[in-house]
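What follows is the content of target.txt (compact mmCIF, C-alpha atoms).
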```txt
# COMPACT_ATOMS: atom_id res chain seq x y z
CA MET A 1 49.76 -55.94 20.01
CA ASN A 2 52.93 -56.23 17.90
CA TYR A 3 53.25 -59.81 19.06
CA LEU A 4 50.09 -60.66 17.13
CA ASN A 5 50.93 -58.72 13.98
CA TYR A 6 53.85 -60.66 12.49
CA ILE A 7 55.28 -64.16 12.41
CA VAL A 8 58.83 -65.46 12.38
CA TRP A 9 59.07 -68.05 9.61
CA ASP A 10 61.95 -70.52 9.66
CA PRO A 11 60.75 -74.02 8.72
CA SER A 12 63.19 -76.58 7.44
CA PRO A 13 62.73 -77.09 3.68
CA GLU A 14 63.47 -80.75 4.31
CA ILE A 15 60.66 -83.09 5.47
CA PHE A 16 62.93 -86.06 6.15
CA SER A 17 66.07 -87.65 4.77
CA ILE A 18 67.37 -91.17 4.19
CA GLY A 19 71.14 -91.09 3.94
CA SER A 20 72.04 -88.44 1.39
CA TRP A 21 68.53 -88.43 -0.12
CA GLU A 22 66.15 -85.71 1.05
CA MET A 23 62.41 -85.29 0.73
CA ARG A 24 61.75 -81.55 0.53
CA TRP A 25 58.50 -79.62 0.80
CA TYR A 26 59.04 -77.93 -2.56
CA GLY A 27 59.50 -81.20 -4.42
CA LEU A 28 56.51 -82.78 -2.68
CA LEU A 29 54.19 -79.86 -3.48
CA PHE A 30 55.52 -79.70 -7.06
CA ALA A 31 54.74 -83.39 -7.57
CA LEU A 32 51.34 -83.12 -5.85
CA GLY A 33 50.42 -80.36 -8.28
CA PHE A 34 50.79 -82.71 -11.24
CA LEU A 35 49.19 -85.69 -9.50
CA ILE A 36 46.09 -83.76 -8.42
CA SER A 37 45.89 -81.96 -11.75
CA GLN A 38 45.95 -85.27 -13.59
CA GLN A 39 42.95 -86.52 -11.61
CA ILE A 40 41.03 -83.33 -12.37
CA MET A 41 41.85 -83.67 -16.07
CA PHE A 42 40.59 -87.27 -15.96
CA HIS A 43 37.31 -85.88 -14.60
CA ILE A 44 37.10 -83.20 -17.30
CA TYR A 45 37.83 -85.64 -20.13
CA ARG A 46 35.37 -88.15 -18.73
CA ARG A 47 32.57 -85.59 -18.45
CA GLU A 48 33.14 -84.33 -21.99
CA GLY A 49 33.43 -87.76 -23.58
CA LYS A 50 37.11 -87.54 -24.47
CA PRO A 51 39.55 -90.47 -24.30
CA GLU A 52 40.76 -90.59 -20.70
CA ARG A 53 43.97 -92.27 -21.78
CA ASP A 54 44.94 -89.04 -23.52
CA VAL A 55 45.35 -87.48 -20.08
CA GLU A 56 48.42 -89.66 -19.56
CA SER A 57 49.96 -88.19 -22.71
CA ILE A 58 49.15 -84.61 -21.81
CA THR A 59 50.57 -85.14 -18.31
CA PHE A 60 53.83 -86.34 -19.84
CA PHE A 61 53.97 -83.24 -22.06
CA MET A 62 53.17 -80.92 -19.14
CA VAL A 63 55.80 -82.27 -16.75
CA ILE A 64 58.57 -81.96 -19.35
CA ALA A 65 57.36 -78.58 -20.62
CA THR A 66 56.99 -77.05 -17.15
CA ILE A 67 60.44 -78.04 -15.93
CA LEU A 68 62.27 -77.36 -19.20
CA GLY A 69 60.40 -74.14 -19.95
CA ALA A 70 60.77 -72.77 -16.43
CA ARG A 71 64.49 -73.50 -16.39
CA LEU A 72 65.23 -72.05 -19.81
CA GLY A 73 63.00 -69.08 -19.00
CA HIS A 74 65.16 -68.24 -16.00
CA VAL A 75 68.36 -68.79 -18.00
CA PHE A 76 67.43 -66.48 -20.89
CA PHE A 77 65.21 -63.93 -19.12
CA TYR A 78 67.26 -63.38 -15.96
CA GLU A 79 70.85 -64.65 -16.11
CA PRO A 80 71.88 -65.48 -19.70
CA GLU A 81 75.52 -64.41 -19.29
CA LYS A 82 76.01 -66.57 -16.21
CA TYR A 83 74.59 -69.75 -17.72
CA LEU A 84 75.87 -69.37 -21.27
CA ALA A 85 79.38 -68.96 -19.88
CA ASN A 86 78.97 -72.36 -18.25
CA PRO A 87 76.20 -74.27 -20.13
CA VAL A 88 76.57 -77.35 -17.93
CA SER A 89 75.16 -75.34 -15.00
CA ILE A 90 71.84 -75.10 -16.87
CA LEU A 91 71.28 -78.75 -15.96
CA LYS A 92 71.70 -78.08 -12.23
CA ILE A 93 68.03 -77.36 -11.60
CA TRP A 94 68.36 -78.39 -7.94
CA GLU A 95 70.41 -75.25 -7.34
CA GLY A 96 67.34 -73.12 -8.09
CA GLY A 97 66.33 -70.84 -10.91
CA LEU A 98 62.88 -71.43 -12.43
CA ALA A 99 60.74 -68.78 -14.14
CA SER A 100 56.96 -69.10 -14.34
CA HIS A 101 56.82 -67.10 -17.58
CA GLY A 102 59.19 -69.62 -19.17
CA ALA A 103 56.95 -72.43 -17.92
CA ALA A 104 53.95 -70.71 -19.56
CA ILE A 105 55.74 -70.57 -22.92
CA GLY A 106 56.86 -74.18 -22.57
CA ILE A 107 53.32 -75.34 -21.81
CA LEU A 108 51.85 -73.51 -24.81
CA ILE A 109 54.42 -75.17 -27.09
CA ALA A 110 53.76 -78.55 -25.49
CA ILE A 111 50.00 -78.26 -26.11
CA TYR A 112 50.70 -77.69 -29.80
CA LEU A 113 52.78 -80.87 -29.88
CA TYR A 114 50.12 -82.77 -27.94
CA THR A 115 47.28 -81.75 -30.27
CA ASN A 116 49.24 -82.42 -33.47
CA TYR A 117 51.46 -85.41 -32.68
CA LEU A 118 50.86 -88.84 -31.18
CA ILE A 119 53.76 -90.20 -29.16
CA ARG A 120 53.94 -93.86 -28.27
CA ILE A 121 56.47 -95.10 -25.73
CA ASP A 122 56.55 -98.87 -25.36
CA PHE A 123 59.21 -101.25 -24.11
CA GLY A 124 62.31 -100.32 -26.09
CA THR A 125 60.43 -98.31 -28.73
CA PHE A 126 59.71 -94.64 -29.25
CA GLU A 127 57.34 -93.57 -32.01
CA VAL A 128 56.14 -90.13 -33.10
CA LYS A 129 53.29 -89.66 -35.59
CA LYS A 130 51.93 -86.38 -36.93
CA ARG A 131 48.21 -86.70 -36.34
CA LYS A 132 45.59 -84.38 -34.92
CA ARG A 133 43.62 -85.58 -31.93
CA PRO A 134 39.92 -85.83 -32.77
CA GLY A 135 37.74 -83.43 -30.81
CA GLN A 136 40.69 -81.72 -29.15
CA ASN A 137 41.84 -78.65 -31.00
CA TYR A 138 44.48 -76.36 -29.55
CA MET A 139 42.21 -73.84 -27.86
CA TRP A 140 39.93 -76.52 -26.42
CA VAL A 141 42.89 -78.15 -24.69
CA VAL A 142 44.33 -74.82 -23.47
CA ASP A 143 40.99 -73.83 -21.94
CA ARG A 144 40.88 -77.03 -19.87
CA LEU A 145 44.54 -77.18 -19.02
CA VAL A 146 44.86 -73.68 -17.56
CA ILE A 147 42.34 -74.68 -14.89
CA VAL A 148 44.80 -77.14 -13.39
CA VAL A 149 47.81 -74.95 -14.22
CA ALA A 150 46.41 -72.42 -11.73
CA LEU A 151 46.14 -75.14 -9.08
CA THR A 152 49.67 -76.40 -9.70
CA GLY A 153 51.01 -72.84 -9.64
CA GLY A 154 49.42 -72.30 -6.23
CA LEU A 155 51.11 -75.42 -4.83
CA ILE A 156 54.47 -74.45 -6.32
CA ARG A 157 54.28 -70.98 -4.76
CA LEU A 158 53.43 -72.65 -1.45
CA GLY A 159 56.62 -74.65 -1.91
CA ASN A 160 58.51 -71.38 -2.42
CA PHE A 161 57.10 -70.19 0.91
CA MET A 162 58.32 -73.36 2.63
CA ASN A 163 61.75 -72.70 1.09
CA SER A 164 61.70 -69.05 2.26
CA GLU A 165 62.47 -67.93 -1.30
CA ILE A 166 61.02 -65.25 -3.60
CA VAL A 167 60.50 -63.10 -0.51
CA GLY A 168 58.78 -59.75 -0.52
CA ILE A 169 60.12 -56.30 0.26
CA GLU A 170 59.94 -54.76 3.73
CA THR A 171 56.42 -53.90 4.81
CA ASN A 172 57.54 -50.79 6.77
CA SER A 173 54.82 -51.63 9.29
CA ASP A 174 54.15 -53.94 12.21
CA TYR A 175 52.65 -56.54 9.89
CA GLY A 176 54.42 -59.13 7.80
CA VAL A 177 56.66 -62.18 7.92
CA VAL A 178 60.20 -62.31 9.27
CA PHE A 179 62.02 -64.85 7.10
CA ALA A 180 64.63 -66.11 9.52
CA ARG A 181 65.90 -69.36 8.04
CA ASP A 182 68.65 -67.79 5.93
CA ALA A 183 69.71 -65.71 8.95
CA GLU A 184 69.96 -68.88 11.02
CA ASP A 185 72.14 -70.51 8.35
CA VAL A 186 74.42 -67.46 8.27
CA LEU A 187 74.93 -67.54 12.03
CA MET A 188 75.62 -71.27 11.89
CA ARG A 189 78.40 -70.62 9.36
CA TYR A 190 79.89 -67.80 11.40
CA GLY A 191 79.79 -70.07 14.45
CA GLN A 192 82.79 -71.91 13.00
CA ASN A 193 81.74 -75.42 14.14
CA ALA A 194 81.20 -74.25 17.73
CA VAL A 195 77.42 -73.99 17.26
CA GLU A 196 75.04 -76.95 17.25
CA THR A 197 71.74 -75.20 16.46
CA VAL A 198 70.33 -71.71 15.87
CA GLU A 199 66.58 -71.15 16.20
CA ALA A 200 64.74 -67.83 15.80
CA SER A 201 61.28 -67.15 17.21
CA LYS A 202 59.06 -64.29 18.33
CA ALA A 203 59.85 -62.58 21.63
CA GLU A 204 57.03 -61.19 23.74
CA SER A 205 59.26 -58.49 25.17
CA THR A 206 62.76 -57.11 24.77
CA THR A 207 65.12 -54.91 26.70
CA ALA A 208 66.47 -53.30 23.54
CA GLU A 209 65.05 -49.81 23.23
CA GLY A 210 63.07 -49.02 20.09
CA MET A 211 62.79 -52.63 18.94
CA HIS A 212 59.46 -52.85 17.10
CA HIS A 213 59.62 -56.49 16.03
CA PRO A 214 61.36 -58.43 18.77
CA VAL A 215 62.95 -61.73 17.82
CA LYS A 216 64.83 -64.08 20.11
CA ILE A 217 67.59 -66.28 18.74
CA ASP A 218 68.25 -69.42 20.77
CA VAL A 219 71.76 -70.77 20.26
CA THR A 220 72.94 -74.18 21.43
CA PHE A 221 76.68 -74.72 21.41
CA VAL A 222 78.49 -77.97 20.74
CA ARG A 223 79.11 -80.06 23.85
CA GLY A 224 82.52 -79.20 25.27
CA ILE A 225 82.35 -75.49 24.39
CA ASP A 226 82.71 -73.49 27.62
CA GLU A 227 81.03 -70.21 28.46
CA ALA A 228 84.09 -68.10 27.69
CA THR A 229 84.36 -69.56 24.19
CA ALA A 230 80.62 -69.18 23.64
CA LYS A 231 80.78 -65.50 24.64
CA ALA A 232 83.69 -64.95 22.26
CA VAL A 233 81.73 -66.50 19.40
CA ILE A 234 78.71 -64.26 20.10
CA GLU A 235 80.62 -61.04 20.69
CA THR A 236 83.08 -61.51 17.82
CA ASN A 237 81.80 -63.89 15.14
CA PHE A 238 78.08 -63.19 15.45
CA LEU A 239 78.60 -59.45 15.78
CA GLN A 240 80.70 -59.53 12.62
CA ALA A 241 77.91 -61.43 10.85
CA PHE A 242 75.30 -58.83 11.81
CA LYS A 243 77.51 -56.02 10.54
CA GLU A 244 78.84 -57.42 7.26
CA ASN A 245 76.58 -60.18 5.94
CA GLU A 246 74.01 -58.75 3.54
CA ARG A 247 71.72 -61.79 3.62
CA LEU A 248 71.52 -61.65 7.40
CA LYS A 249 70.89 -57.90 7.41
CA THR A 250 67.82 -58.30 5.21
CA ASP A 251 66.19 -60.51 7.85
CA LEU A 252 67.46 -59.44 11.27
CA SER A 253 69.24 -56.43 12.74
CA LEU A 254 70.57 -55.08 16.02
CA THR A 255 69.45 -51.88 17.72
CA GLY A 256 72.98 -50.90 18.70
CA ASP A 257 76.64 -51.74 18.24
CA ASN A 258 76.55 -54.70 20.62
CA ILE A 259 74.56 -57.93 20.82
CA PRO A 260 72.17 -58.12 23.80
CA TYR A 261 72.27 -61.71 25.04
CA THR A 262 72.08 -63.99 28.05
CA ILE A 263 74.05 -67.18 28.44
CA GLN A 264 73.77 -70.23 30.67
CA GLN A 265 75.15 -73.73 31.09
CA ASP A 266 73.24 -76.87 31.97
CA ARG A 267 74.77 -80.33 32.23
CA GLY A 268 77.77 -79.38 30.16
CA ILE A 269 75.76 -77.72 27.36
CA VAL A 270 76.09 -73.96 26.90
CA THR A 271 73.07 -72.11 25.47
CA ALA A 272 72.50 -68.46 24.74
CA GLN A 273 69.54 -66.27 23.89
CA ILE A 274 70.19 -63.27 21.65
CA GLU A 275 67.84 -60.32 21.24
CA ALA A 276 67.45 -59.02 17.70
CA GLU A 277 65.05 -57.03 15.59
CA GLY A 278 63.12 -58.87 12.89
CA ILE A 279 62.39 -57.17 9.58
CA PRO A 280 58.81 -58.03 8.47
CA ARG A 281 58.42 -58.57 4.74
CA HIS A 282 55.52 -59.16 2.41
CA PRO A 283 54.85 -62.91 2.06
CA ALA A 284 54.70 -62.51 -1.73
CA GLN A 285 54.69 -66.27 -2.24
CA LEU A 286 51.47 -66.57 -0.23
CA TYR A 287 49.86 -63.71 -2.14
CA GLU A 288 50.45 -65.58 -5.38
CA SER A 289 49.59 -68.99 -3.93
CA ILE A 290 46.23 -67.91 -2.51
CA SER A 291 45.38 -66.01 -5.71
CA SER A 292 46.19 -69.08 -7.82
CA PHE A 293 43.91 -71.30 -5.73
CA LEU A 294 41.08 -68.79 -6.09
CA ILE A 295 41.68 -68.55 -9.86
CA PHE A 296 41.55 -72.36 -10.06
CA ALA A 297 38.20 -72.41 -8.24
CA PHE A 298 36.79 -69.65 -10.46
CA LEU A 299 37.90 -71.25 -13.74
CA PHE A 300 36.67 -74.67 -12.66
CA PHE A 301 33.29 -73.09 -11.85
CA ILE A 302 33.13 -71.55 -15.35
CA TRP A 303 33.90 -74.89 -16.95
CA LYS A 304 31.48 -76.82 -14.74
CA LYS A 305 28.65 -74.45 -15.61
CA ARG A 306 28.83 -75.07 -19.39
CA LYS A 307 31.42 -77.83 -19.91
CA GLU A 308 31.64 -78.64 -23.65
CA HIS A 309 29.50 -75.61 -24.47
CA THR A 310 32.07 -73.17 -23.08
CA PRO A 311 33.13 -70.79 -25.90
CA LEU A 312 36.65 -71.45 -27.12
CA GLY A 313 39.21 -69.14 -25.52
CA ARG A 314 36.87 -67.93 -22.77
CA ILE A 315 38.67 -69.71 -19.90
CA PHE A 316 42.15 -69.14 -21.34
CA GLY A 317 41.57 -65.41 -21.80
CA ILE A 318 40.29 -64.99 -18.24
CA PHE A 319 43.25 -67.00 -16.95
CA LEU A 320 45.84 -64.82 -18.69
CA ILE A 321 44.22 -61.54 -17.63
CA ILE A 322 43.76 -62.39 -13.95
CA LEU A 323 46.88 -64.46 -13.28
CA PHE A 324 49.41 -62.24 -15.02
CA GLY A 325 47.55 -59.05 -14.12
CA LEU A 326 47.94 -59.97 -10.46
CA ARG A 327 51.52 -61.06 -11.11
CA PHE A 328 52.24 -57.56 -12.45
CA VAL A 329 50.84 -56.05 -9.23
CA TYR A 330 52.56 -58.52 -6.88
CA GLU A 331 55.96 -57.72 -8.39
CA PHE A 332 55.76 -54.33 -6.64
CA PHE A 333 55.85 -56.23 -3.33
CA LYS A 334 58.72 -58.60 -4.23
CA GLU A 335 62.49 -58.29 -4.18
CA ASN A 336 64.11 -58.21 -7.61
CA GLN A 337 65.65 -61.56 -8.49
CA VAL A 338 68.78 -60.24 -10.23
CA GLU A 339 70.74 -57.00 -9.98
CA PHE A 340 70.02 -55.61 -13.47
CA GLU A 341 66.33 -55.30 -12.53
CA ASP A 342 67.21 -52.58 -10.02
CA GLU A 343 67.95 -50.26 -12.95
CA LEU A 344 64.61 -50.90 -14.70
CA VAL A 345 61.37 -48.98 -14.24
CA LEU A 346 59.53 -52.30 -14.34
CA ASN A 347 61.22 -55.56 -13.39
CA MET A 348 61.46 -58.57 -15.70
CA GLY A 349 58.42 -60.28 -14.21
CA GLN A 350 56.28 -57.22 -14.99
CA ILE A 351 57.71 -56.77 -18.49
CA LEU A 352 56.94 -60.40 -19.34
CA SER A 353 53.43 -60.19 -17.84
CA ILE A 354 52.26 -57.27 -20.01
CA PRO A 355 52.10 -59.15 -23.37
CA LEU A 356 50.37 -62.08 -21.69
CA VAL A 357 47.67 -59.82 -20.24
CA LEU A 358 47.18 -58.15 -23.64
CA ALA A 359 46.95 -61.57 -25.29
CA GLY A 360 44.34 -62.55 -22.70
CA ILE A 361 42.25 -59.48 -23.51
CA PHE A 362 42.38 -60.28 -27.24
CA ILE A 363 41.51 -63.97 -26.74
CA LEU A 364 38.67 -63.17 -24.33
CA ALA A 365 37.20 -60.59 -26.72
CA ARG A 366 37.29 -63.10 -29.58
CA SER A 367 35.44 -65.66 -27.44
CA PHE A 368 32.41 -63.34 -27.48
CA SER A 369 32.28 -63.03 -31.27
CA LYS A 370 29.70 -65.09 -33.15
CA LYS A 371 32.43 -66.80 -35.14
CA ASN A 372 34.24 -68.09 -32.04
CA ASN A 373 31.56 -68.42 -29.38
CA THR A 374 30.66 -72.00 -30.35
CA PRO A 375 33.24 -74.65 -29.44
CA ALA A 376 34.57 -76.58 -32.39
CA GLU A 377 35.21 -80.30 -32.58
CA GLN A 378 33.14 -81.03 -29.50
CA LYS A 379 31.63 -84.37 -30.52
CA PRO A 380 32.36 -87.16 -27.98
CA VAL A 381 35.11 -89.54 -29.03
CA ALA A 382 34.81 -91.97 -26.17
CA THR A 383 35.72 -95.05 -28.16
CA THR A 384 39.13 -93.81 -29.29
CA SER A 385 42.27 -94.13 -27.19
CA HIS A 386 45.59 -92.41 -27.80
CA GLN A 387 48.86 -92.60 -25.99
```

Written as structure tokens, how would this file's structure read?
Amino acid sequence: MNYLNYIVWDPSPEIFSIGSWEMRWYGLLFALGFLISQQIMFHIYRREGKPERDVESITFFMVIATILGARLGHVFFYEPEKYLANPVSILKIWEGGLASHGAAIGILIAIYLYTNYLIRIDFGTFEVKKRKRPGQNYMWVVDRLVIVVALTGGLIRLGNFMNSEIVGIETNSDYGVVFARDAEDVLMRYGQNAVETVEASKAESTTAEGMHHPVKIDVTFVRGIDEATAKAVIETNFLQAFKENERLKTDLSLTGDNIPYTIQQDRGIVTAQIEAEGIPRHPAQLYESISSFLIFAFLFFIWKKRKEHTPLGRIFGIFLIILFGLRFVYEFFKENQVEFEDELVLNMGQILSIPLVLAGIFILARSFSKKNNTPAEQKPVATTSHQ
């Protein structure tokens, strides 16, 4: 039954490449989030009689705010000393390091700019005017925007899963996901150019006693490597990797002091199959991704039911409470991102979620008061276009 309880996850984060340029799953899903969200916002603006062209402006604000806010959030919330010592590294977003709480702050600031300033970008000109957008006050925009923010967040977390990042803690059970891609990369490095490929997958059976989560590692050696050299690589280099590399030890382990393996040669190519023990972890990225999709569906249902008659703050308050309330819970199932969090009772993700949940409770409560339960500035402004 163990064979059905867990999966070994090791997809390539790269979809395809052309020369040095790569198309990666994370980038594709990130971009899809904004593209799909924009179409949904077009629908919302159209149904409520707002200028559809304004969606182009708000999309511009959201893309910049999400990337900039998420990056600066990671810099200041998680690793300020590292990045402030070398400020140029802040620009290296491709190396990783984005924080969703920072993105949330960036988006809230961007909505203020969107509702209070008109930005025109034409050929060779850039113009900013302080002017409120008719029929679109701050809370009205936030209520609509968080619907698609939940959708985009779900796609981004799915991208994290494809990248095998933001992994969960050990499940201490037969269930979970063995994240094997990093382990494969480690073994490739320890192979010292003698290894062509390393692929991990589930094993239906194993000869290693006490192995609860059997994983087989198929190794293909570079053409020209003989069996003696291949054995030396496995018994020396790979064994060293299993014993000393911390990243590898969080994904795979051995049941003894030696590596159980079989080796064969076919048409000048030496291959080996290594028996290892996979360590199932919580797929925390999927927990958050699935939750975000469900939150999107729920918020969209609330909007669809009343549209322009939805009380101001109602959708935003629900969004903050559910999304960051679940985020607080999911952090118990995730590895800490940086070392200083190991010394805290609550990690940084939980600390940052608490004020957002409290703000959500306050905003939701206000949406039920007589003073705030009627949306303001809701008259259609279909004839006006802003950019």

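In terms of minimum interatomic distance to A:Lys50, A:Pro134 ranks closest within A:Gly159, A:Pro280, A:Pro134, A:Gly313, counting only C-alpha atoms.
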
Could I get the residues of stretch 244-299 of chain A with an atom no further than 8 Å from an atom of stretch 184-194 of chain A, each paired with its nearest atom pair and that distance in Å to one decimal, using all atoms listed in the file, sorted by chain and residue number, as JSON lines?
```
{"residue": "A:Asn245", "atom": "CA", "partner": "A:Val186", "partner_atom": "CA", "distance": 7.9}
{"residue": "A:Arg247", "atom": "CA", "partner": "A:Val186", "partner_atom": "CA", "distance": 7.8}
{"residue": "A:Leu248", "atom": "CA", "partner": "A:Val186", "partner_atom": "CA", "distance": 6.6}
```

As an exercise, work out the distance from atom CA of A:Val8 to atom CA of A:Arg281 in Å and give it to one decimal place.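 Between these atoms lies a distance of 10.3 Å.
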
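Distance annotation: of A:Tyr6, A:Phe293, A:Tyr114, A:Tyr261, the residue with the minimal separation from A:Phe238 is A:Tyr261; atom set is all atoms listed in the file.
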
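Counting from atom CA of A:Tyr138, the distance to atom CA of A:Phe316 is 11.2 Å.
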
Stretch 324-340 of chain A: which residues within 10 Å, counting only C-alpha atoms, same-chain residues fewer than 4 positions away excluded, as a compact mmCIF listing (two decimals) with C-alpha atoms, in the frame of the given file?
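Once everything was written out, this is selection00.txt:
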```txt
# COMPACT_ATOMS: atom_id res chain seq x y z
CA TYR A 78 67.26 -63.38 -15.96
CA GLU A 79 70.85 -64.65 -16.11
CA GLY A 97 66.33 -70.84 -10.91
CA HIS A 101 56.82 -67.10 -17.58
CA ILE A 166 61.02 -65.25 -3.60
CA VAL A 167 60.50 -63.10 -0.51
CA GLY A 168 58.78 -59.75 -0.52
CA ILE A 169 60.12 -56.30 0.26
CA GLU A 170 59.94 -54.76 3.73
CA THR A 171 56.42 -53.90 4.81
CA ARG A 281 58.42 -58.57 4.74
CA HIS A 282 55.52 -59.16 2.41
CA PRO A 283 54.85 -62.91 2.06
CA ALA A 284 54.70 -62.51 -1.73
CA GLN A 285 54.69 -66.27 -2.24
CA TYR A 287 49.86 -63.71 -2.14
CA GLU A 288 50.45 -65.58 -5.38
CA SER A 291 45.38 -66.01 -5.71
CA SER A 292 46.19 -69.08 -7.82
CA PHE A 319 43.25 -67.00 -16.95
CA LEU A 320 45.84 -64.82 -18.69
CA LEU A 344 64.61 -50.90 -14.70
CA LEU A 346 59.53 -52.30 -14.34
CA ASN A 347 61.22 -55.56 -13.39
CA MET A 348 61.46 -58.57 -15.70
CA GLY A 349 58.42 -60.28 -14.21
CA GLN A 350 56.28 -57.22 -14.99
CA ILE A 351 57.71 -56.77 -18.49
CA LEU A 352 56.94 -60.40 -19.34
CA SER A 353 53.43 -60.19 -17.84
CA ILE A 354 52.26 -57.27 -20.01
CA PRO A 355 52.10 -59.15 -23.37
CA LEU A 356 50.37 -62.08 -21.69
CA VAL A 357 47.67 -59.82 -20.24
CA LEU A 358 47.18 -58.15 -23.64
CA GLY A 360 44.34 -62.55 -22.70
```
